[in-house]
Amino acid sequence: MTVNYLAFAIPAFFIFVFIEFKIAQQQKKAKIFKYESTVANFSVGIAERLLNLFIAASFYQVYDWIYVNYAIFDISIKWYVWILLLLSTDLVWYWYHRLGHEINFLWAAHIVHHQSEEFNLSAAARITTIQAVFRNVFWCMLPLVGFHPNMIITILLAHGAYSFFTHTQLIGKLGWLEYVLITPSLHGVHHASDEKYLDKNYGDVFVFWDKLFGTFQTEEEAPKYGLTHPIKSYSFLWQHFHYYLEIGEAYKRANGFKAKWNAVFGSPALMDQNIRPVLEERYHQNKIQHEAKPKPKFKIYLNIQLVMVVAMLTGTTAFYGSLTLVHKVAIAVFILVTLINIGALLEQRRWIYYLECFRLILLFGYFFYTFNIIELLIFPVVGLIILERNFSLNSLYKKHLLNYQSNTINT
C-alpha cells in the first residue's frame with residue numbers, strides 16, 4: 001500500500017497553529033485568536049485540501065503536457081536554475097495575486113482568504129479550490145517557458161510553505177530582511193483593511209516586485225485586518241459563494257454591455273456596496289455577535305466534529321491512491337456536509353437538526369452499500385422517525401446544542 005507522505009503536512013499545520021496559540025497566550029496576545037473565526041478558517045482549509053485531492057494530479061499532467069509540446073526554451077536543471085525558477089514563480093504569483101484583487105471574478109475566489117478579521121497562522125488555510133485552480137492556470141507559464149514540471153512542483157511546495165509562516169502577528173519587523181523578503185509584518189499590511197494599506201504587498205516571498213511595480217508599503221500604524229466591508233456570517237457556503245452572488249446581482253442590475261462587463265471583469269472597488277446587505281437579508285446571513293461564550297457542550301460537540309474531519313482528511317490523503325472512487329466520493333461528501341454543519345453550528349441555525357439527520361442517513365447508506373445491504377437503509381430512516389415521534393429529538397438537539405448562554409439564536 002502506497003502512502004502519500006504529504007498527508008503529514010495536515011497535522012503539522014495544526015501543531016504550528018497550536019504552538020502559535022500557546023505563545024500568544026504567554027505573550028498575553030491571545031486576542032489574536034477568536035474561536036469562531038479560527039474554526040471557520042480551518043473549515044475552508046479542510047475543504048480546499050479535500051477537493052484538491054481530486055484535481056492535484058491533473059495540475060502536474062497539464063504542466064507536463066505543456067512542457068513536452070509547447071516549451072519555448074530547453075532550460076537545464078542545474079543548481080542555479082532553481083534560483084531562477086523561484087524568482088519566476090514569485091513573479092507569476094505577484095501578477096496572479098494582483099489581478100486577483102483587481103478583477104471581480106478572480107476576487108470572488110480570493111476574497112475568502114481575506115475574510116478573517118484575525119491575522120494568525122490559521123488564516124493561511126483560507127484558500128479555496130477555485131482559487132487553487134486559477135493560480136495553477138497562471139503557473140502554466142512556467143512549463144511554457146521551459147522549466148521542468150518536477151522542478152515546478154518542488155518549488156511550489158517550498159513557496160507555499162514559506163507563505164504559511166508569514167500569517168502571524170507574533171513576529172515583528174525583521175530588520176534588513178524587510179528589504180528582501182515578504183515578512184509577517186509586510187504580509188499583515190496586505191491583509192489590512194486600512195485605506196493606506198489597501199492593494200499593497202502582493203509578493204509572496206520577495207519584495208522586489210512590489211517595489212518595481214509600485215505596490216510596496218511598510219507597516220506603520222497597527223493594521224486592522226479583514227475586508228473593508230466585513231461579511232456577517234460564519235457560514236461555510238456563504239463565505240465561499242457570497243461574492244459570486246454579488247457579481248450575479250450586479251450583472252442583473254447593470255444596463256448595457258459595458259456595465260455588465262464591469263460587473264464580471266471590473267474592479268471590486270467599483271462594486272455597489274448596497275448589494276451585499278440586500279443579499280444578506282435575502283439569504284438570512286446576518287451573523288449575531290454573542291457577548292457570552294458558547295456553552296461547553298456546544299464547543300465540545302463542534303470540536304469533536306472538527307477533529308473527526310481532520311483525521312478523515314489525513315487518512316484519505318495518506319491512502320488516496322488505494323481508495324476506490326465510491327469511497328473517495330463518499331468521504332468527500334461526508335466531510336463537506338460536516339463542514340456545512342460546523343458553519344451552521346457556529347451560527348446556531350435551527351435547521352441544522354435536519355442536516356444532522358441527513359448526514360446520519362448518508363453514513364448509514366455508505367456502510368450498507370459497502371456491505372451490499374443498501375435495501376436495509378429503510379430501517380434506520382424509520383428508526384429516526386420513531387425516535388423523533390417518541391422523544392422529540394429535534395427539541396433535545398436545540399436545547400443542548402443551539403443555546404448560547406446569552407440565549408440568542410439565529411433562525
# chains A, B, ... in the order shown; residues from 1 in each chain; ligands from 1
call {"tool": "closest_atom_pairs", "arguments": {"of": "region 50-69 of chain A", "to": "region 309-313 of chain A", "cutoff": "12 Å", "atoms": "only C-alpha atoms", "output": "CSV"}}
result
residue,atom,partner,partner_atom,distance
A:Leu50,CA,A:Leu313,CA,6.5
A:Leu51,CA,A:Leu313,CA,10.2
A:Asn52,CA,A:Leu313,CA,11.3
A:Leu53,CA,A:Leu313,CA,9.7
call {"tool": "write_last_selection", "arguments": {"atoms": "N, CA and C atoms", "output": "mmCIF file, in the first residue's frame"}}
result
data_model
loop_
_atom_site.group_PDB
_atom_site.id
_atom_site.type_symbol
_atom_site.label_atom_id
_atom_site.label_comp_id
_atom_site.auth_asym_id
_atom_site.auth_seq_id
_atom_site.Cartn_x
_atom_site.Cartn_y
_atom_site.Cartn_z
ATOM 1 N N LEU A 50 -9.188 18.779 0.719
ATOM 2 C CA LEU A 50 -10.001 17.632 0.312
ATOM 3 C C LEU A 50 -10.255 17.636 -1.188
ATOM 4 N N LEU A 51 -10.773 18.741 -1.699
ATOM 5 C CA LEU A 51 -11.127 18.804 -3.121
ATOM 6 C C LEU A 51 -9.899 18.774 -4.018
ATOM 7 N N ASN A 52 -8.788 19.300 -3.514
ATOM 8 C CA ASN A 52 -7.561 19.272 -4.316
ATOM 9 C C ASN A 52 -7.035 17.853 -4.513
ATOM 10 N N LEU A 53 -7.425 16.930 -3.631
ATOM 11 C CA LEU A 53 -7.017 15.534 -3.831
ATOM 12 C C LEU A 53 -7.519 15.010 -5.170
#
call {"tool": "residues_around", "arguments": {"residues": "region 124-132 of chain A", "least_positions_apart": "5", "cutoff": "8 Å", "atoms": "only C-alpha atoms", "output": "PDB file with N, CA and C atoms, in the first residue's frame"}}
result
ATOM      1  N   ASN A  41     -11.758  29.330   9.617  1.00  0.00           N
ATOM      2  CA  ASN A  41     -10.522  29.242   8.837  1.00  0.00           C
ATOM      3  C   ASN A  41     -10.158  27.784   8.567  1.00  0.00           C
ATOM      4  N   PHE A  42     -10.227  26.966   9.614  1.00  0.00           N
ATOM      5  CA  PHE A  42      -9.928  25.542   9.455  1.00  0.00           C
ATOM      6  C   PHE A  42     -10.859  24.895   8.430  1.00  0.00           C
ATOM      7  N   VAL A  44     -12.460  26.142   5.838  1.00  0.00           N
ATOM      8  CA  VAL A  44     -12.110  26.493   4.455  1.00  0.00           C
ATOM      9  C   VAL A  44     -10.883  25.701   4.001  1.00  0.00           C
ATOM     10  N   GLY A  45      -9.876  25.635   4.860  1.00  0.00           N
ATOM     11  CA  GLY A  45      -8.654  24.909   4.503  1.00  0.00           C
ATOM     12  C   GLY A  45      -8.881  23.423   4.316  1.00  0.00           C
ATOM     13  N   ILE A  46      -9.709  22.829   5.158  1.00  0.00           N
ATOM     14  CA  ILE A  46     -10.009  21.395   5.037  1.00  0.00           C
ATOM     15  C   ILE A  46     -10.689  21.116   3.701  1.00  0.00           C
ATOM     16  N   ALA A  47     -11.644  21.950   3.329  1.00  0.00           N
ATOM     17  CA  ALA A  47     -12.352  21.759   2.054  1.00  0.00           C
ATOM     18  C   ALA A  47     -11.394  21.869   0.875  1.00  0.00           C
ATOM     19  N   GLU A  48     -10.483  22.822   0.930  1.00  0.00           N
ATOM     20  CA  GLU A  48      -9.533  23.001  -0.178  1.00  0.00           C
ATOM     21  C   GLU A  48      -8.606  21.796  -0.309  1.00  0.00           C
ATOM     22  N   ARG A  49      -8.073  21.322   0.827  1.00  0.00           N
ATOM     23  CA  ARG A  49      -7.195  20.152   0.798  1.00  0.00           C
ATOM     24  C   ARG A  49      -7.940  18.926   0.294  1.00  0.00           C
ATOM     25  N   LEU A  51     -10.773  18.741  -1.699  1.00  0.00           N
ATOM     26  CA  LEU A  51     -11.127  18.804  -3.121  1.00  0.00           C
ATOM     27  C   LEU A  51      -9.899  18.774  -4.018  1.00  0.00           C
ATOM     28  N   ASN A  52      -8.788  19.300  -3.514  1.00  0.00           N
ATOM     29  CA  ASN A  52      -7.561  19.272  -4.316  1.00  0.00           C
ATOM     30  C   ASN A  52      -7.035  17.853  -4.513  1.00  0.00           C
ATOM     31  N   LEU A 106     -12.033  37.015 -10.376  1.00  0.00           N
ATOM     32  CA  LEU A 106     -10.880  36.450  -9.673  1.00  0.00           C
ATOM     33  C   LEU A 106     -10.938  36.774  -8.180  1.00  0.00           C
ATOM     34  N   ALA A 109     -12.932  34.428  -5.925  1.00  0.00           N
ATOM     35  CA  ALA A 109     -12.246  33.241  -5.402  1.00  0.00           C
ATOM     36  C   ALA A 109     -11.270  33.612  -4.294  1.00  0.00           C
ATOM     37  N   HIS A 110     -10.632  34.772  -4.422  1.00  0.00           N
ATOM     38  CA  HIS A 110      -9.569  35.157  -3.486  1.00  0.00           C
ATOM     39  C   HIS A 110     -10.096  35.842  -2.229  1.00  0.00           C
ATOM     40  N   VAL A 112     -12.112  35.029  -0.082  1.00  0.00           N
ATOM     41  CA  VAL A 112     -12.229  34.130   1.072  1.00  0.00           C
ATOM     42  C   VAL A 112     -10.971  34.204   1.940  1.00  0.00           C
ATOM     43  N   HIS A 113      -9.823  34.378   1.302  1.00  0.00           N
ATOM     44  CA  HIS A 113      -8.559  34.436   2.040  1.00  0.00           C
ATOM     45  C   HIS A 113      -8.479  35.669   2.933  1.00  0.00           C
ATOM     46  N   HIS A 114      -9.248  36.694   2.609  1.00  0.00           N
ATOM     47  CA  HIS A 114      -9.166  37.965   3.347  1.00  0.00           C
ATOM     48  C   HIS A 114     -10.326  38.183   4.305  1.00  0.00           C
ATOM     49  N   SER A 163       4.965  30.941   2.594  1.00  0.00           N
ATOM     50  CA  SER A 163       3.864  31.893   2.765  1.00  0.00           C
ATOM     51  C   SER A 163       3.009  31.558   3.984  1.00  0.00           C
ATOM     52  N   PHE A 164       2.969  30.294   4.387  1.00  0.00           N
ATOM     53  CA  PHE A 164       2.225  29.912   5.588  1.00  0.00           C
ATOM     54  C   PHE A 164       2.743  30.670   6.803  1.00  0.00           C
ATOM     55  N   HIS A 167       1.813  34.471   7.969  1.00  0.00           N
ATOM     56  CA  HIS A 167       0.499  34.810   8.527  1.00  0.00           C
ATOM     57  C   HIS A 167       0.544  34.767  10.054  1.00  0.00           C
ATOM     58  N   HIS A 240     -17.837  31.040   0.921  1.00  0.00           N
ATOM     59  CA  HIS A 240     -17.294  30.630  -0.372  1.00  0.00           C
ATOM     60  C   HIS A 240     -17.956  31.336  -1.554  1.00  0.00           C
TER      61      HIS A 240
END
call {"tool": "residues_around", "arguments": {"residues": "Phe319 (chain A)", "least_positions_apart": "6", "cutoff": "10 Å", "atoms": "only C-alpha atoms", "output": "number ranges by chain"}}
result
A: 1-5, 7
call {"tool": "write_last_selection", "arguments": {"atoms": "all heavy atoms", "output": "PDB file, in the first residue's frame"}}
result
ATOM      1  N   MET A   1       0.845  -1.195   0.000  1.00  0.00           N
ATOM      2  CA  MET A   1       0.000   0.000   0.000  1.00  0.00           C
ATOM      3  C   MET A   1       0.881   1.246   0.000  1.00  0.00           C
ATOM      4  O   MET A   1       1.724   1.425   0.883  1.00  0.00           O
ATOM      5  CB  MET A   1      -0.918   0.006   1.232  1.00  0.00           C
ATOM      6  CG  MET A   1      -1.887   1.170   1.264  1.00  0.00           C
ATOM      7  SD  MET A   1      -2.961   1.126   2.714  1.00  0.00           S
ATOM      8  CE  MET A   1      -3.958  -0.326   2.338  1.00  0.00           C
ATOM      9  N   THR A   2       0.695   2.102  -1.000  1.00  0.00           N
ATOM     10  CA  THR A   2       1.493   3.314  -1.127  1.00  0.00           C
ATOM     11  C   THR A   2       0.941   4.411  -0.215  1.00  0.00           C
ATOM     12  O   THR A   2      -0.264   4.656  -0.174  1.00  0.00           O
ATOM     13  CB  THR A   2       1.484   3.817  -2.578  1.00  0.00           C
ATOM     14  OG1 THR A   2       1.956   2.774  -3.435  1.00  0.00           O
ATOM     15  CG2 THR A   2       2.370   5.036  -2.729  1.00  0.00           C
ATOM     16  N   VAL A   3       1.843   5.059   0.512  1.00  0.00           N
ATOM     17  CA  VAL A   3       1.449   6.139   1.421  1.00  0.00           C
ATOM     18  C   VAL A   3       1.888   7.475   0.840  1.00  0.00           C
ATOM     19  O   VAL A   3       3.042   7.635   0.427  1.00  0.00           O
ATOM     20  CB  VAL A   3       2.075   5.945   2.820  1.00  0.00           C
ATOM     21  CG1 VAL A   3       1.720   7.117   3.731  1.00  0.00           C
ATOM     22  CG2 VAL A   3       1.620   4.626   3.425  1.00  0.00           C
ATOM     23  N   ASN A   4       0.975   8.433   0.807  1.00  0.00           N
ATOM     24  CA  ASN A   4       1.293   9.794   0.386  1.00  0.00           C
ATOM     25  C   ASN A   4       1.752  10.575   1.620  1.00  0.00           C
ATOM     26  O   ASN A   4       0.957  10.948   2.474  1.00  0.00           O
ATOM     27  CB  ASN A   4       0.057  10.454  -0.229  1.00  0.00           C
ATOM     28  CG  ASN A   4       0.331  11.881  -0.685  1.00  0.00           C
ATOM     29  OD1 ASN A   4       1.451  12.378  -0.576  1.00  0.00           O
ATOM     30  ND2 ASN A   4      -0.697  12.534  -1.191  1.00  0.00           N
ATOM     31  N   TYR A   5       3.053  10.819   1.703  1.00  0.00           N
ATOM     32  CA  TYR A   5       3.611  11.417   2.910  1.00  0.00           C
ATOM     33  C   TYR A   5       3.260  12.900   3.057  1.00  0.00           C
ATOM     34  O   TYR A   5       3.486  13.486   4.127  1.00  0.00           O
ATOM     35  CB  TYR A   5       5.129  11.214   2.933  1.00  0.00           C
ATOM     36  CG  TYR A   5       5.508   9.764   3.128  1.00  0.00           C
ATOM     37  CD1 TYR A   5       5.898   8.974   2.047  1.00  0.00           C
ATOM     38  CD2 TYR A   5       5.435   9.176   4.392  1.00  0.00           C
ATOM     39  CE1 TYR A   5       6.220   7.636   2.227  1.00  0.00           C
ATOM     40  CE2 TYR A   5       5.749   7.842   4.576  1.00  0.00           C
ATOM     41  CZ  TYR A   5       6.145   7.075   3.491  1.00  0.00           C
ATOM     42  OH  TYR A   5       6.445   5.744   3.680  1.00  0.00           O
ATOM     43  N   ALA A   7       0.467  13.819   3.465  1.00  0.00           N
ATOM     44  CA  ALA A   7      -0.619  13.808   4.453  1.00  0.00           C
ATOM     45  C   ALA A   7      -0.140  14.332   5.802  1.00  0.00           C
ATOM     46  O   ALA A   7      -0.926  14.904   6.566  1.00  0.00           O
ATOM     47  CB  ALA A   7      -1.164  12.389   4.607  1.00  0.00           C
TER      48      ALA A   7
END
call {"tool": "closest_residue", "arguments": {"among": "A:Tyr35, A:Arg276, A:Thr215, A:Phe265", "to": "Lys232 (chain A)", "atoms": "only C-alpha atoms"}}
result
A:Arg276
